[in-house]
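To start, the structure under review is shown below, and the notes come after it.
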Amino acid sequence: MPNKLFKKNKPEIIYTVESEIRHPWRLLGEMLGDVIASRELAWRLLVRNIKAQYRQSFLGIFWALIPPALTAIGCTFASNAGIINIGNTDIPYPAYVMLGTTLWQTFLDAFNGPGIAFKSSRSLLTQIKFPHEAIIISQLGQTFFNLLVKLIFVVLIFLVFQVPVSWMIIFSPFTFLSLILLGTAIGLLLIPITNLIKDVANSLQVVILVWFFITPVAFPVPNEGIMSIMVKLNPVTPLLVTARELVTTGEISYSVAFVLVSLLSLLMLLIGWLVFRLSMPFLIERVS
């Protein structure tokens, strides 16, 4: 009798060749359900990844600070030596470039996050059936963790150079979130492309390098010339500049562009999530 009741109440799983995209509302419900169901697994993966990242490292958590710190030091040295002409900044240049580099590195962590999550979880994906959103959520958690570590160092730099902070800093978390959403959305869209076309994966480092130079990380937005046009067309520019202005001056230069790019990031995130979900069975089959 107990066995009959168990069989009766057991949920029935139906496998079909019909595409999930034919039923968008049901698909959206399943996606949201999988996000909720993956919370505990995502947390465990996050704790495991953070421990693994710093377990056998002498400097430990300071490795999260080294990339932005080296970039800030290099740009400051080049500016002081007259190698590059930065122009005037609203706050002392070392603090200016450290904050900008931290914001850029956060975007970059989010951009690389989905690809790193897929590559590091290949064995898990091919052996166990679980909501695939868990690996993305855990990587997002790691991005937020690294951001908090970097911001502690930024606070110390601001204290050393006695940088005044605007009261509008209370709104800065929204700009940090927009940077992370944009990076994650692009990263999700690239997962099937980079895993199926190796040339795209190999060229990403070059693309990121060029992207860095047309992003106002270590310099104010130019007012004229081709460089000005390229920087202003860069979707990261209004997010990064607005985040820096909310922390420092409180004067918003790209409010409209910030709102438009933030909304675009949300739309791209939904599309990227959909692409990620639909492509995962094919990618898992390819790597298994």
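Labels for the structure tokens follow display order: chains A, B, ..., residues from 1 in each chain, ligands from 1.
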
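Residues lying within 12 Å of Trp167 of chain A, counting only C-alpha atoms and ignoring same-chain neighbours fewer than 5 positions away, are Ser172, Glu245, Leu246, Val247, Thr248, Thr249, Gly250 and Glu251 of chain A.
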
Pull N, CA and C atoms from the residues just selected and write them as a short mmCIF file (atom, residue, chain, number, x, y, z; two decimals), in the first residue's frame.
```
data_model
loop_
_atom_site.label_atom_id
_atom_site.label_comp_id
_atom_site.auth_asym_id
_atom_site.auth_seq_id
_atom_site.Cartn_x
_atom_site.Cartn_y
_atom_site.Cartn_z
N SER A 172 24.93 54.49 -5.26
CA SER A 172 25.97 53.83 -6.07
C SER A 172 25.79 52.32 -6.21
N GLU A 245 30.80 59.17 -10.38
CA GLU A 245 30.26 60.48 -10.01
C GLU A 245 29.38 60.41 -8.77
N LEU A 246 28.63 59.35 -8.62
CA LEU A 246 27.79 59.20 -7.42
C LEU A 246 28.65 59.10 -6.16
N VAL A 247 29.82 58.49 -6.29
CA VAL A 247 30.71 58.33 -5.14
C VAL A 247 31.43 59.64 -4.84
N THR A 248 31.78 60.40 -5.86
CA THR A 248 32.66 61.56 -5.65
C THR A 248 31.91 62.90 -5.70
N THR A 249 31.53 63.36 -6.87
CA THR A 249 30.96 64.72 -7.01
C THR A 249 29.46 64.78 -6.77
N GLY A 250 28.76 63.71 -7.09
CA GLY A 250 27.30 63.73 -6.98
C GLY A 250 26.61 64.35 -8.17
N GLU A 251 27.37 64.80 -9.16
CA GLU A 251 26.81 65.40 -10.38
C GLU A 251 26.77 64.35 -11.49
#
```

(message) If you run DSSP on the backbone here, which positions in segment 75-275 of chain A get helix (DSSP H, G or I)? Please write them as a PyMOL selection string.
(response) chain A and resi 75-80+93-120+122-127+133-160+167-196+198-213+226-233+236-247+255-275

(request) May I have the residues within 12 Å of Val259 of chain A as number ranges by chain, using only C-alpha atoms and disregarding those fewer than 3 positions away in the same chain? (result) A: 174-175, 178, 235, 238-239, 242, 252-256, 262-266

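When only C-alpha atoms are used to compute distances to Tyr93 of chain A, the closest of the residues A:Ala42, A:Val275, A:Val163, A:Val200 turns out to be A:Val163.
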
(request) Please provide as a ChimeraX atom specification all residues within 9 Å of segment 108-125 of chain A, with the sequence filter that same-chain residues fewer than 3 positions apart are discarded (counting only C-alpha atoms). (result) /A:103-105,128-130,132,135-136,138-140,142-143,146,179-188,190-191,194-195,208,284,287-288

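Between Met31 of chain A and the candidates A:Phe276, A:Arg244, A:Val206, A:Pro94, the tightest atom-to-atom separation, counting only C-alpha atoms, involves A:Phe276.
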
(request) Provide the atom CA of Gln127 of chain A to atom CA of Asp199 of chain A distance in Å, to one decimal place. (result) 28.1 Å

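When only C-alpha atoms are used to compute distances to Phe282 of chain A, the closest of the residues A:Gly74, A:Pro216, A:Pro192, A:Pro222 turns out to be A:Pro192.
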
(request) Figure out the distance between atom CA of Gly100 of chain A and atom CA of Ile170 of chain A, please, to one decimal in Å. (result) 17.7 Å
